[in-house]
$ cat structure-v8.txt   # compact mmCIF, C-alpha atoms
# COMPACT_ATOMS: atom_id res chain seq x y z
CA MET A 1 52.32 -26.19 -73.41
CA ALA A 2 54.87 -28.62 -72.00
CA LEU A 3 55.12 -30.15 -75.49
CA LEU A 4 56.91 -27.07 -76.82
CA SER A 5 60.47 -25.95 -76.15
CA ASP A 6 61.06 -22.35 -75.01
CA ARG A 7 62.13 -21.37 -78.51
CA GLN A 8 59.08 -22.97 -80.12
CA ARG A 9 56.83 -21.30 -77.55
CA GLU A 10 58.36 -17.91 -78.30
CA GLU A 11 57.91 -18.45 -82.07
CA LEU A 12 54.28 -19.43 -81.58
CA HIS A 13 53.54 -16.36 -79.44
CA LYS A 14 55.24 -14.01 -81.89
CA SER A 15 53.44 -15.46 -84.91
CA MET A 16 50.13 -15.21 -83.01
CA LEU A 17 50.84 -11.59 -82.10
CA GLU A 18 51.72 -10.85 -85.76
CA TYR A 19 48.43 -12.49 -86.87
CA LEU A 20 46.35 -10.54 -84.28
CA HIS A 21 48.05 -7.28 -85.26
CA THR A 22 47.50 -7.69 -89.02
CA SER A 23 43.90 -8.69 -88.35
CA ASN A 24 43.40 -5.53 -86.19
CA PHE A 25 42.43 -7.55 -83.10
CA THR A 26 44.03 -4.85 -80.90
CA ALA A 27 42.51 -5.85 -77.54
CA ALA A 28 43.41 -9.50 -78.04
CA TYR A 29 46.89 -8.46 -79.22
CA ASN A 30 47.50 -6.38 -76.09
CA ALA A 31 46.06 -9.06 -73.77
CA LEU A 32 48.25 -11.83 -75.27
CA LYS A 33 51.32 -9.58 -75.15
CA ALA A 34 50.70 -8.78 -71.47
CA ASP A 35 49.78 -12.35 -70.44
CA SER A 36 52.66 -14.04 -72.23
CA GLY A 37 55.21 -11.34 -71.38
CA THR A 38 56.52 -11.49 -74.95
CA GLU A 39 58.50 -8.51 -76.23
CA TYR A 40 57.49 -8.05 -79.85
CA THR A 41 57.22 -5.20 -82.33
CA PRO A 42 55.01 -6.06 -85.33
CA ASP A 43 56.89 -5.87 -88.62
CA PRO A 44 55.66 -7.24 -91.96
CA LYS A 45 59.27 -8.01 -92.92
CA THR A 46 59.98 -10.44 -90.05
CA LYS A 47 59.74 -14.20 -90.48
CA TYR A 48 56.66 -14.17 -88.26
CA ALA A 49 54.57 -12.34 -90.87
CA GLY A 50 52.03 -14.86 -92.27
CA LEU A 51 53.70 -17.74 -90.40
CA LEU A 52 50.55 -18.86 -88.57
CA GLU A 53 48.50 -18.99 -91.79
CA LYS A 54 51.28 -20.97 -93.53
CA LYS A 55 51.44 -23.52 -90.69
CA TRP A 56 47.67 -23.84 -90.69
CA THR A 57 47.33 -24.53 -94.45
CA SER A 58 50.22 -26.99 -94.40
CA VAL A 59 48.47 -28.96 -91.60
CA ILE A 60 45.32 -29.21 -93.73
CA ARG A 61 47.40 -30.29 -96.72
CA LEU A 62 49.10 -32.98 -94.62
CA GLN A 63 45.76 -34.23 -93.31
CA LYS A 64 44.50 -34.63 -96.89
CA LYS A 65 47.71 -36.41 -97.83
CA ILE A 66 47.30 -38.81 -94.90
CA MET A 67 43.73 -39.59 -95.97
CA ASP A 68 44.85 -40.25 -99.55
CA LEU A 69 47.65 -42.52 -98.33
CA GLU A 70 45.23 -44.42 -96.08
CA THR A 71 42.89 -45.01 -99.03
CA ARG A 72 45.78 -46.16 -101.21
CA ASN A 73 47.03 -48.40 -98.43
CA ALA A 74 43.60 -50.02 -98.12
CA SER A 75 43.43 -50.73 -101.86
CA LEU A 76 46.96 -52.20 -101.83
CA GLN A 77 46.04 -54.40 -98.88
CA GLU A 78 43.05 -55.64 -100.85
CA GLU A 79 45.26 -56.32 -103.88
CA LEU A 80 47.68 -58.16 -101.63
CA SER A 81 44.89 -60.33 -100.28
CA LEU A 82 44.34 -61.50 -103.86
CA ALA A 83 48.00 -62.50 -104.20
CA PRO A 84 48.59 -66.24 -104.63
CA SER A 85 49.78 -66.74 -101.06
CA LYS A 86 46.68 -65.07 -99.64
CA ARG A 87 44.28 -66.47 -102.16
CA ALA A 88 43.84 -69.64 -100.11
CA ALA A 89 41.23 -67.83 -98.04
CA MET A 90 39.25 -67.17 -101.20
CA GLN A 91 39.92 -70.56 -102.68
CA SER A 92 36.30 -71.65 -102.64
CA ASP A 93 35.36 -68.91 -105.14
CA TRP A 94 38.35 -69.31 -107.46
CA VAL A 95 37.68 -69.29 -111.20
CA PRO A 96 40.23 -69.61 -114.01
CA ARG A 97 42.12 -66.51 -115.09
CA ALA A 98 44.66 -65.95 -117.85
CA PRO A 99 47.37 -66.92 -118.39
CA ALA A 100 47.19 -70.70 -118.08
CA ALA A 101 49.76 -72.30 -115.75
CA HIS A 102 50.73 -75.02 -118.26
CA VAL A 103 50.23 -75.59 -121.96
CA LEU A 104 50.50 -79.29 -122.83
CA THR A 105 51.46 -80.13 -126.39
CA GLY A 106 51.99 -83.48 -128.09
CA HIS A 107 48.71 -84.45 -129.78
CA ARG A 108 48.84 -84.29 -133.58
CA GLN A 109 45.14 -83.65 -134.12
CA PRO A 110 42.42 -81.72 -132.23
CA VAL A 111 42.05 -82.71 -128.56
CA THR A 112 38.49 -83.86 -127.94
CA ARG A 113 38.28 -84.41 -124.18
CA VAL A 114 40.19 -84.10 -120.90
CA ALA A 115 39.55 -85.88 -117.59
CA PHE A 116 41.13 -85.62 -114.13
CA HIS A 117 42.18 -88.56 -111.99
CA PRO A 118 40.12 -88.50 -108.76
CA GLN A 119 43.16 -88.81 -106.45
CA TYR A 120 46.45 -88.00 -108.14
CA SER A 121 47.66 -85.06 -110.23
CA VAL A 122 47.03 -87.08 -113.38
CA LEU A 123 45.15 -85.85 -116.44
CA ALA A 124 44.04 -87.94 -119.40
CA SER A 125 43.41 -86.40 -122.82
CA ALA A 126 41.67 -87.90 -125.86
CA SER A 127 42.35 -86.80 -129.39
CA GLU A 128 41.34 -87.22 -133.01
CA ASP A 129 44.88 -88.61 -133.53
CA ALA A 130 43.47 -91.94 -132.14
CA THR A 131 45.54 -91.72 -128.95
CA VAL A 132 45.02 -90.96 -125.28
CA LYS A 133 47.82 -89.17 -123.47
CA ILE A 134 48.51 -89.18 -119.73
CA TRP A 135 49.99 -86.06 -118.10
CA ASP A 136 50.97 -84.75 -114.69
CA TRP A 137 48.92 -81.55 -114.43
CA GLU A 138 50.91 -80.18 -111.48
CA THR A 139 54.23 -80.13 -113.33
CA GLY A 140 52.84 -80.02 -116.87
CA GLU A 141 54.91 -83.08 -117.79
CA PHE A 142 53.91 -85.69 -120.35
CA GLU A 143 53.84 -89.26 -118.98
CA ARG A 144 52.71 -91.69 -121.68
CA THR A 145 50.59 -92.36 -124.76
CA LEU A 146 47.88 -95.05 -124.84
CA LYS A 147 47.45 -96.61 -128.27
CA GLY A 148 44.75 -99.06 -129.25
CA HIS A 149 41.94 -97.16 -130.93
CA GLN A 150 42.00 -97.06 -134.72
CA ARG A 151 40.18 -93.75 -135.18
CA ALA A 152 39.45 -90.51 -133.28
CA VAL A 153 39.03 -90.95 -129.51
CA LEU A 154 35.94 -88.93 -128.54
CA ASP A 155 35.66 -89.28 -124.77
CA VAL A 156 37.72 -90.32 -121.75
CA GLU A 157 36.88 -90.70 -118.06
CA PHE A 158 38.28 -92.26 -114.88
CA ASP A 159 36.20 -94.42 -112.58
CA HIS A 160 35.52 -93.08 -109.08
CA LYS A 161 38.65 -94.66 -107.56
CA GLY A 162 40.91 -93.82 -110.49
CA HIS A 163 41.83 -97.47 -111.09
CA LEU A 164 40.26 -97.69 -114.54
CA LEU A 165 40.04 -95.35 -117.51
CA VAL A 166 37.27 -95.63 -120.11
CA THR A 167 37.66 -94.32 -123.66
CA CYS A 168 35.37 -94.42 -126.68
CA SER A 169 36.04 -93.85 -130.33
CA ALA A 170 34.83 -93.36 -133.88
CA ASP A 171 36.16 -96.93 -134.41
CA LEU A 172 32.91 -98.14 -132.70
CA PHE A 173 34.72 -99.52 -129.63
CA ILE A 174 34.82 -98.62 -125.97
CA LYS A 175 38.07 -99.53 -124.21
CA ILE A 176 38.99 -99.90 -120.55
CA TRP A 177 42.58 -99.25 -119.43
CA ASP A 178 44.08 -100.28 -116.10
CA SER A 179 45.98 -97.38 -114.50
CA GLN A 180 47.45 -99.73 -111.87
CA ASN A 181 48.85 -102.14 -114.42
CA GLU A 182 50.97 -100.04 -116.79
CA TRP A 183 47.79 -98.58 -118.35
CA LYS A 184 47.14 -101.83 -120.23
CA ASN A 185 43.98 -102.04 -122.38
CA THR A 186 42.31 -104.82 -120.38
CA LYS A 187 38.82 -104.79 -121.94
CA THR A 188 37.15 -103.76 -125.18
CA LEU A 189 33.37 -103.33 -125.36
CA ALA A 190 31.58 -103.75 -128.69
CA GLY A 191 27.92 -103.13 -129.48
CA HIS A 192 27.51 -99.74 -131.12
CA ASP A 193 26.98 -99.51 -134.88
CA HIS A 194 28.55 -96.07 -135.36
CA SER A 195 30.96 -93.60 -133.68
CA VAL A 196 30.78 -93.71 -129.89
CA SER A 197 30.78 -90.08 -128.75
CA SER A 198 30.44 -90.42 -124.97
CA ALA A 199 31.28 -92.99 -122.28
CA ARG A 200 30.91 -92.65 -118.51
CA PHE A 201 31.19 -94.88 -115.46
CA MET A 202 27.91 -95.15 -113.56
CA PRO A 203 28.21 -94.48 -109.79
CA GLY A 204 29.53 -97.70 -108.25
CA ASP A 205 31.73 -98.30 -111.32
CA GLN A 206 30.03 -101.60 -112.21
CA PHE A 207 28.48 -100.26 -115.39
CA ILE A 208 29.48 -97.97 -118.23
CA VAL A 209 26.90 -95.88 -120.10
CA SER A 210 27.69 -94.77 -123.65
CA ALA A 211 26.12 -92.65 -126.38
CA SER A 212 26.59 -93.01 -130.12
CA ARG A 213 25.94 -91.70 -133.58
CA ASP A 214 23.84 -94.87 -134.02
CA ARG A 215 21.16 -92.90 -132.07
CA THR A 216 21.33 -95.22 -129.04
CA ILE A 217 22.46 -95.08 -125.45
CA ARG A 218 23.90 -98.36 -124.19
CA VAL A 219 24.73 -99.73 -120.77
CA PHE A 220 27.58 -102.26 -120.44
CA ASP A 221 28.61 -104.44 -117.51
CA VAL A 222 32.29 -103.67 -116.74
CA ALA A 223 33.19 -107.09 -115.30
CA SER A 224 31.71 -109.24 -118.09
CA THR A 225 31.85 -106.55 -120.86
CA HIS A 226 28.31 -107.63 -121.83
CA LEU A 227 25.75 -105.21 -123.22
CA VAL A 228 23.06 -104.93 -120.52
CA ARG A 229 20.63 -102.45 -122.08
CA THR A 230 20.03 -100.44 -125.24
CA ILE A 231 18.05 -97.22 -124.78
CA LEU A 232 16.24 -95.86 -127.82
CA GLY A 233 14.41 -92.56 -128.26
CA HIS A 234 16.64 -89.92 -129.82
CA ALA A 235 16.04 -89.32 -133.52
CA ASP A 236 19.67 -88.55 -134.35
CA TRP A 237 23.28 -88.81 -133.16
CA VAL A 238 23.49 -88.89 -129.34
CA ARG A 239 26.38 -86.59 -128.47
CA CYS A 240 26.62 -86.85 -124.72
CA VAL A 241 25.32 -88.96 -121.84
CA VAL A 242 25.90 -88.47 -118.10
CA PRO A 243 24.54 -90.19 -114.98
CA SER A 244 23.22 -88.30 -111.96
CA ASP A 245 25.31 -88.53 -108.77
CA ASP A 246 23.10 -91.30 -107.35
CA GLY A 247 22.93 -93.14 -110.69
CA ARG A 248 19.12 -93.08 -110.73
CA LEU A 249 18.88 -90.87 -113.82
CA LEU A 250 20.70 -90.39 -117.09
CA ALA A 251 20.76 -87.18 -119.12
CA SER A 252 21.57 -87.22 -122.83
CA SER A 253 21.85 -84.65 -125.59
CA SER A 254 21.53 -85.10 -129.31
CA ASN A 255 21.71 -83.74 -132.85
CA ASP A 256 17.88 -83.93 -132.81
CA HIS A 257 17.97 -80.57 -130.88
CA THR A 258 16.75 -82.16 -127.62
CA ALA A 259 18.13 -83.38 -124.33
CA ARG A 260 16.40 -86.23 -122.50
CA ILE A 261 16.19 -87.63 -119.00
CA TRP A 262 16.08 -91.43 -118.70
CA ASP A 263 15.64 -94.13 -116.09
CA PRO A 264 18.76 -96.29 -116.59
CA LEU A 265 17.14 -99.34 -114.98
CA ASN A 266 14.36 -99.77 -117.54
CA GLY A 267 15.44 -97.38 -120.30
CA GLU A 268 12.24 -95.37 -119.98
CA SER A 269 12.32 -91.74 -121.18
CA LYS A 270 11.23 -89.61 -118.22
CA MET A 271 11.45 -86.17 -119.80
CA GLU A 272 12.26 -84.52 -123.10
CA LEU A 273 13.91 -81.09 -122.92
CA ARG A 274 12.90 -79.13 -126.02
CA GLY A 275 13.94 -75.55 -126.69
CA HIS A 276 17.30 -75.43 -128.46
CA ASP A 277 17.37 -74.54 -132.17
CA ASN A 278 20.36 -76.67 -133.07
CA VAL A 279 22.47 -79.68 -132.05
CA VAL A 280 22.73 -80.01 -128.24
CA GLU A 281 26.44 -80.71 -127.75
CA VAL A 282 26.56 -81.16 -123.99
CA VAL A 283 24.40 -81.86 -120.98
CA CYS A 284 25.33 -82.00 -117.29
CA PHE A 285 23.49 -82.41 -113.99
CA ALA A 286 23.74 -79.59 -111.47
CA PRO A 287 25.40 -80.59 -108.17
CA VAL A 288 23.23 -80.26 -105.05
CA ALA A 289 25.47 -77.34 -104.00
CA ALA A 290 24.09 -75.33 -106.94
CA TYR A 291 20.40 -75.80 -106.06
CA PRO A 292 20.00 -72.65 -103.89
CA ALA A 293 21.52 -70.42 -106.61
CA ILE A 294 19.42 -72.04 -109.37
CA ARG A 295 16.24 -71.62 -107.32
CA GLU A 296 17.09 -67.97 -106.69
CA LEU A 297 17.69 -67.48 -110.42
CA ALA A 298 14.42 -69.13 -111.41
CA GLY A 299 12.42 -67.47 -108.64
CA ILE A 300 11.51 -70.84 -107.14
CA PRO A 301 10.60 -70.41 -103.45
CA ASN A 302 13.24 -72.05 -101.31
CA THR A 303 10.61 -74.08 -99.52
CA ASP A 304 11.70 -76.97 -101.71
CA ARG A 305 14.82 -78.00 -99.80
CA SER A 306 15.15 -81.26 -101.70
CA LYS A 307 18.70 -82.54 -101.95
CA ARG A 308 17.77 -85.19 -104.52
CA PRO A 309 20.49 -85.43 -107.21
CA GLY A 310 19.41 -84.82 -110.78
CA ALA A 311 16.79 -82.13 -110.12
CA TYR A 312 18.34 -79.62 -112.54
CA VAL A 313 20.38 -79.93 -115.72
CA ALA A 314 22.30 -77.54 -117.95
CA THR A 315 22.62 -77.93 -121.71
CA GLY A 316 24.93 -76.25 -124.24
CA SER A 317 24.09 -76.05 -127.92
CA ARG A 318 25.26 -75.08 -131.39
CA ASP A 319 22.57 -72.35 -131.19
CA LYS A 320 25.25 -70.57 -129.02
CA THR A 321 23.12 -70.67 -125.87
CA ILE A 322 23.10 -72.49 -122.55
CA LYS A 323 19.83 -73.48 -120.91
CA LEU A 324 19.08 -74.49 -117.33
CA TRP A 325 16.18 -76.92 -116.92
CA ASP A 326 14.01 -78.47 -114.26
CA SER A 327 14.52 -82.13 -115.11
CA GLN A 328 11.19 -83.22 -113.61
CA SER A 329 8.89 -80.73 -115.33
CA GLY A 330 11.01 -80.21 -118.44
CA GLN A 331 10.69 -76.44 -118.03
CA VAL A 332 13.45 -74.05 -119.09
CA LEU A 333 14.43 -72.09 -115.97
CA LYS A 334 16.96 -69.78 -117.64
CA HIS A 335 18.48 -69.10 -121.00
CA LEU A 336 22.14 -67.90 -120.90
CA ALA A 337 23.22 -66.08 -124.04
CA GLY A 338 26.67 -64.57 -124.60
CA HIS A 339 28.88 -66.97 -126.55
CA ASP A 340 29.44 -66.08 -130.21
CA ASN A 341 29.69 -69.67 -131.42
CA TRP A 342 28.78 -73.28 -130.54
CA VAL A 343 28.79 -74.12 -126.83
CA ARG A 344 30.82 -77.32 -126.44
CA ALA A 345 31.41 -77.96 -122.74
CA LEU A 346 29.85 -77.14 -119.38
CA VAL A 347 30.99 -77.69 -115.81
CA PHE A 348 29.49 -76.50 -112.53
CA HIS A 349 31.77 -74.73 -110.06
CA PRO A 350 32.29 -76.88 -106.93
CA SER A 351 30.87 -74.10 -104.73
CA GLY A 352 27.61 -74.25 -106.69
CA LYS A 353 27.78 -70.50 -107.32
CA PHE A 354 28.96 -70.55 -110.94
CA LEU A 355 28.63 -72.41 -114.21
CA LEU A 356 31.63 -72.52 -116.57
CA SER A 357 31.19 -72.94 -120.31
CA ALA A 358 33.59 -73.46 -123.21
CA SER A 359 32.86 -72.56 -126.79
CA ASP A 360 33.99 -72.44 -130.39
CA ASP A 361 34.39 -68.68 -129.85
CA LYS A 362 37.72 -69.76 -128.19
CA THR A 363 36.67 -68.57 -124.72
CA ILE A 364 35.66 -69.88 -121.32
CA ARG A 365 32.80 -67.97 -119.72
CA VAL A 366 31.94 -67.91 -116.02
CA TRP A 367 28.23 -67.44 -115.28
CA GLU A 368 26.94 -66.40 -111.87
CA LEU A 369 24.10 -68.83 -111.26
CA SER A 370 22.02 -66.72 -108.88
CA THR A 371 21.72 -63.87 -111.41
CA GLY A 372 22.42 -65.57 -114.74
CA ARG A 373 24.95 -62.92 -115.72
CA CYS A 374 28.28 -63.64 -117.38
CA MET A 375 30.81 -62.33 -114.87
CA LYS A 376 34.01 -63.29 -116.66
CA THR A 377 35.29 -64.21 -120.10
CA VAL A 378 38.69 -65.86 -120.46
CA GLU A 379 40.38 -65.95 -123.87
CA ALA A 380 41.41 -69.59 -123.58
CA HIS A 381 42.74 -70.98 -126.86
CA GLY A 382 43.74 -70.11 -130.41
CA HIS A 383 40.95 -72.29 -131.81
CA PHE A 384 37.63 -73.89 -130.76
CA VAL A 385 37.56 -75.01 -127.10
CA THR A 386 36.27 -78.59 -127.16
CA SER A 387 36.43 -79.68 -123.53
CA LEU A 388 36.44 -78.28 -120.02
CA ALA A 389 37.01 -80.23 -116.80
CA TRP A 390 37.22 -79.27 -113.14
CA GLY A 391 39.41 -81.24 -110.78
CA ARG A 392 39.47 -80.83 -107.03
CA GLN A 393 41.84 -82.54 -104.71
CA SER A 394 42.30 -82.22 -100.97
CA ALA A 395 45.49 -80.30 -100.30
CA ALA A 396 46.38 -82.98 -97.77
CA GLY A 397 46.96 -85.19 -100.79
CA GLY A 398 45.16 -88.30 -99.64
CA GLY A 399 41.62 -87.08 -100.09
CA ALA A 400 39.69 -87.69 -103.24
CA MET A 401 39.49 -85.14 -105.97
CA LYS A 402 35.88 -84.44 -106.76
CA THR A 403 35.14 -83.92 -110.42
CA HIS A 404 32.06 -81.94 -111.39
CA GLY A 405 32.07 -80.44 -107.89
CA THR A 406 30.08 -83.14 -106.11
CA ASP A 407 31.18 -82.33 -102.63
CA SER A 408 29.03 -84.36 -100.31
CA THR A 409 31.59 -85.59 -97.80
CA VAL A 410 32.70 -82.28 -96.34
CA LYS A 411 31.39 -81.28 -92.94
CA PRO A 412 30.35 -77.61 -92.90
CA ASP A 413 32.44 -76.81 -89.84
CA GLU A 414 35.64 -78.04 -91.51
CA PRO A 415 36.55 -75.75 -94.39
CA GLU A 416 37.77 -78.05 -97.11
CA LYS A 417 41.37 -77.43 -98.17
CA VAL A 418 41.36 -77.80 -101.91
CA VAL A 419 43.60 -77.43 -104.88
CA ASN A 420 41.59 -75.80 -107.64
CA VAL A 421 42.46 -76.78 -111.17
CA VAL A 422 40.69 -76.53 -114.51
CA ALA A 423 41.76 -78.16 -117.76
CA THR A 424 40.66 -77.15 -121.25
CA ALA A 425 41.27 -78.79 -124.62
CA SER A 426 41.08 -77.38 -128.10
CA VAL A 427 41.18 -77.91 -131.83
CA ASP A 428 44.52 -76.03 -131.59
CA GLN A 429 45.90 -79.45 -130.38
CA LYS A 430 46.77 -77.98 -126.98
CA ILE A 431 45.61 -78.71 -123.47
CA LYS A 432 45.77 -75.89 -120.94
CA ILE A 433 45.94 -76.21 -117.16
CA TRP A 434 44.52 -73.29 -115.17
CA LEU A 435 45.68 -72.95 -111.57
CA PRO A 436 45.26 -70.29 -108.84
$ encode --input "structure-v8.txt" --output "C-alpha cells"
Amino acid sequence: MALLSDRQREELHKSMLEYLHTSNFTAAYNALKADSGTEYTPDPKTKYAGLLEKKWTSVIRLQKKIMDLETRNASLQEELSLAPSKRAAMQSDWVPRAPAAHVLTGHRQPVTRVAFHPQYSVLASASEDATVKIWDWETGEFERTLKGHQRAVLDVEFDHKGHLLVTCSADLFIKIWDSQNEWKNTKTLAGHDHSVSSARFMPGDQFIVSASRDRTIRVFDVASTHLVRTILGHADWVRCVVPSDDGRLLASSSNDHTARIWDPLNGESKMELRGHDNVVEVVCFAPVAAYPAIRELAGIPNTDRSKRPGAYVATGSRDKTIKLWDSQSGQVLKHLAGHDNWVRALVFHPSGKFLLSASDDKTIRVWELSTGRCMKTVEAHGHFVTSLAWGRQSAAGGGAMKTHGTDSTVKPDEPEKVVNVVATASVDQKIKIWLP
C-alpha cells in the first residue's frame, strides 16, 4: 500500500467499509474495521456512500476509452504510412490516383499519344494538330513544339537511349528527330500508302517497325532509311504494332478484329489471336515480371518457369473488353470486362502485378492480374482517353527509366529506388501527369 498517501488510504478503507456495510457483509466489515484500525460510522449521506462503485465503473470506462484510442491511433498510423513521405516504402505497388499532379495544355486538337524519355524527365506528345510537343513532366512546363508533319501525328516513341524520337502520321510519313541536336527532323521514312498509325524502335534501335491503314506492317533501317521488309496478313487497317523485349516477335492489332504474332526476320505470321468482336485498338506484350500473376490467373501450373519475352500479350478493343492471350497457342487466358466504351490503351505495371487500361469511358482502370478483378477506377479526363504511358526512372537520376515496366537489370537484393509516373492523353486536348 506504499503507493497511497495516508489520506488516500483512509478514504479507501472508509469507502470499503461503507460498501461492506451496505452489502450486509457484517463479519467482513467488522474484521476490516478491526484490522485497519479505522474509526468509521456508516452513513448513507457521507461522501463515502457509493464511492467504491463509482471508482470501479470509471476505471472500466477509462479502459474502454484507452482501447478505442489505441484502435484510432493504429488507423491513423496506417493512414500516415500512406502519406507521400512514407509512400516510398510502398512505391513498388503505386498506381495513379486522382487528382493528376500536372495538366499540360497547348495542343489545339485531340492528343493521340504520349511517350516518356528513358533517362530525363521529358515527355513527348503527338496530336491531331500535326505537331509533337516536348514537356518536362516533373515541373509540368512546356519546352518546345516539333513541326514537320502535314497531318495528324498518330504515334511517338523514343529510342532506348533517348537520343532519337520517332513519329508517324496520317501524312504517310515516319519522321526521326534528334533530341541531342535541337530536336531537328534528321530523317523521313516513306513507304506506306496510307495513314501510319504506329511506329516503334526495335530493341537495338537499328530498325523501326510501323503499322498502317494500308494493311501492312513495315520494317525500316534507321541508318539508311531504307524499307527492309513489308509484312502482309491483316485484312484491314493495322492500328498498333509492338516488338517483344528481345525483338524476336512482333504483335499487331487491326480493324479486322484480330491481333497477330509475327516473326520480324521473315515476316511469317506465327499466331492469329481471334476473339474480339470489334476493332482491336491496342496490343502489348506482358513483361516477364507479370508471368507469375498471369499464370495464377489462368490456372497454369507454375512448373513453366520460362522467362522468354513475348509469351503473353494483352489486347484492348472497341468491343469494350481486354483479353490476355498465350501468344504461342493463341488461347484466350482471361477476358477483362468493365469499361463502358472502347479500350484504347494498355500498359503493364512495372511490378507485374497490375494491368492499366485507358478507355473512351474517360477512365483509367487498374486490374489485378492474379485475380482479373478491377481494383480501381480513376476518372481521368473530360473526354476519351487516347493514350497511357508508364515511365520509371531511378531516383538517383542517372539510371534509365524503363518504359512498359521491363525491369531486367535490378538485382533482387537491391530494392530499386524509382520515381513512378504515368501520363495520359485525351481528346479533351490535355495531357495529365500522375505522380505519387
$ residues_around --input "structure-v8.txt" --residues "Lys33 (chain A)" --least-positions-apart "4" --cutoff "9 Å" --atoms "only C-alpha atoms" --output "VMD selection string"
chain A and resid 13 to 14 17 28 to 29 37 to 40
$ closest_atom_pairs --input "structure-v8.txt" --of "region 94-206 of chain A" --to "region 343-349 of chain A" --cutoff "10 Å" --atoms "only C-alpha atoms" --output "CSV"
residue,atom,partner,partner_atom,distance
A:Trp94,CA,A:His349,CA,8.9
A:Val95,CA,A:His349,CA,8.1
A:Arg113,CA,A:Ala345,CA,9.5
$ atom_distance --input "structure-v8.txt" --atom1 "CA of Pro436 (chain A)" --atom2 "CA of Ala98 (chain A)"
10.0 Å
$ closest_residue --input "structure-v8.txt" --among "A:Ile300, A:Val132, A:Ala311, A:Ala235" --to "Arg248 (chain A)" --atoms "all atoms listed in the file"
A:Ala311
$ closest_residue --input "structure-v8.txt" --among "A:Val111, A:Val196, A:Val219, A:Leu189" --to "His383 (chain A)" --atoms "all atoms listed in the file"
A:Val111
$ residues_around --input "structure-v8.txt" --residues "Tyr19 (chain A)" --least-positions-apart "2" --cutoff "9 Å" --atoms "all atoms listed in the file" --output "PyMOL selection string"
chain A and resi 14-17+21-25+29+48-53
$ write_last_selection --input "structure-v8.txt" --atoms "C-alpha atoms" --output "PDB file, in the frame of the given file"
ATOM      1  CA  LYS A  14      55.240 -14.010 -81.890  1.00  0.00           C
ATOM      2  CA  SER A  15      53.440 -15.460 -84.910  1.00  0.00           C
ATOM      3  CA  MET A  16      50.130 -15.210 -83.010  1.00  0.00           C
ATOM      4  CA  LEU A  17      50.840 -11.590 -82.100  1.00  0.00           C
ATOM      5  CA  HIS A  21      48.050  -7.280 -85.260  1.00  0.00           C
ATOM      6  CA  THR A  22      47.500  -7.690 -89.020  1.00  0.00           C
ATOM      7  CA  SER A  23      43.900  -8.690 -88.350  1.00  0.00           C
ATOM      8  CA  ASN A  24      43.400  -5.530 -86.190  1.00  0.00           C
ATOM      9  CA  PHE A  25      42.430  -7.550 -83.100  1.00  0.00           C
ATOM     10  CA  TYR A  29      46.890  -8.460 -79.220  1.00  0.00           C
ATOM     11  CA  TYR A  48      56.660 -14.170 -88.260  1.00  0.00           C
ATOM     12  CA  ALA A  49      54.570 -12.340 -90.870  1.00  0.00           C
ATOM     13  CA  GLY A  50      52.030 -14.860 -92.270  1.00  0.00           C
ATOM     14  CA  LEU A  51      53.700 -17.740 -90.400  1.00  0.00           C
ATOM     15  CA  LEU A  52      50.550 -18.860 -88.570  1.00  0.00           C
ATOM     16  CA  GLU A  53      48.500 -18.990 -91.790  1.00  0.00           C
TER      17      GLU A  53
END
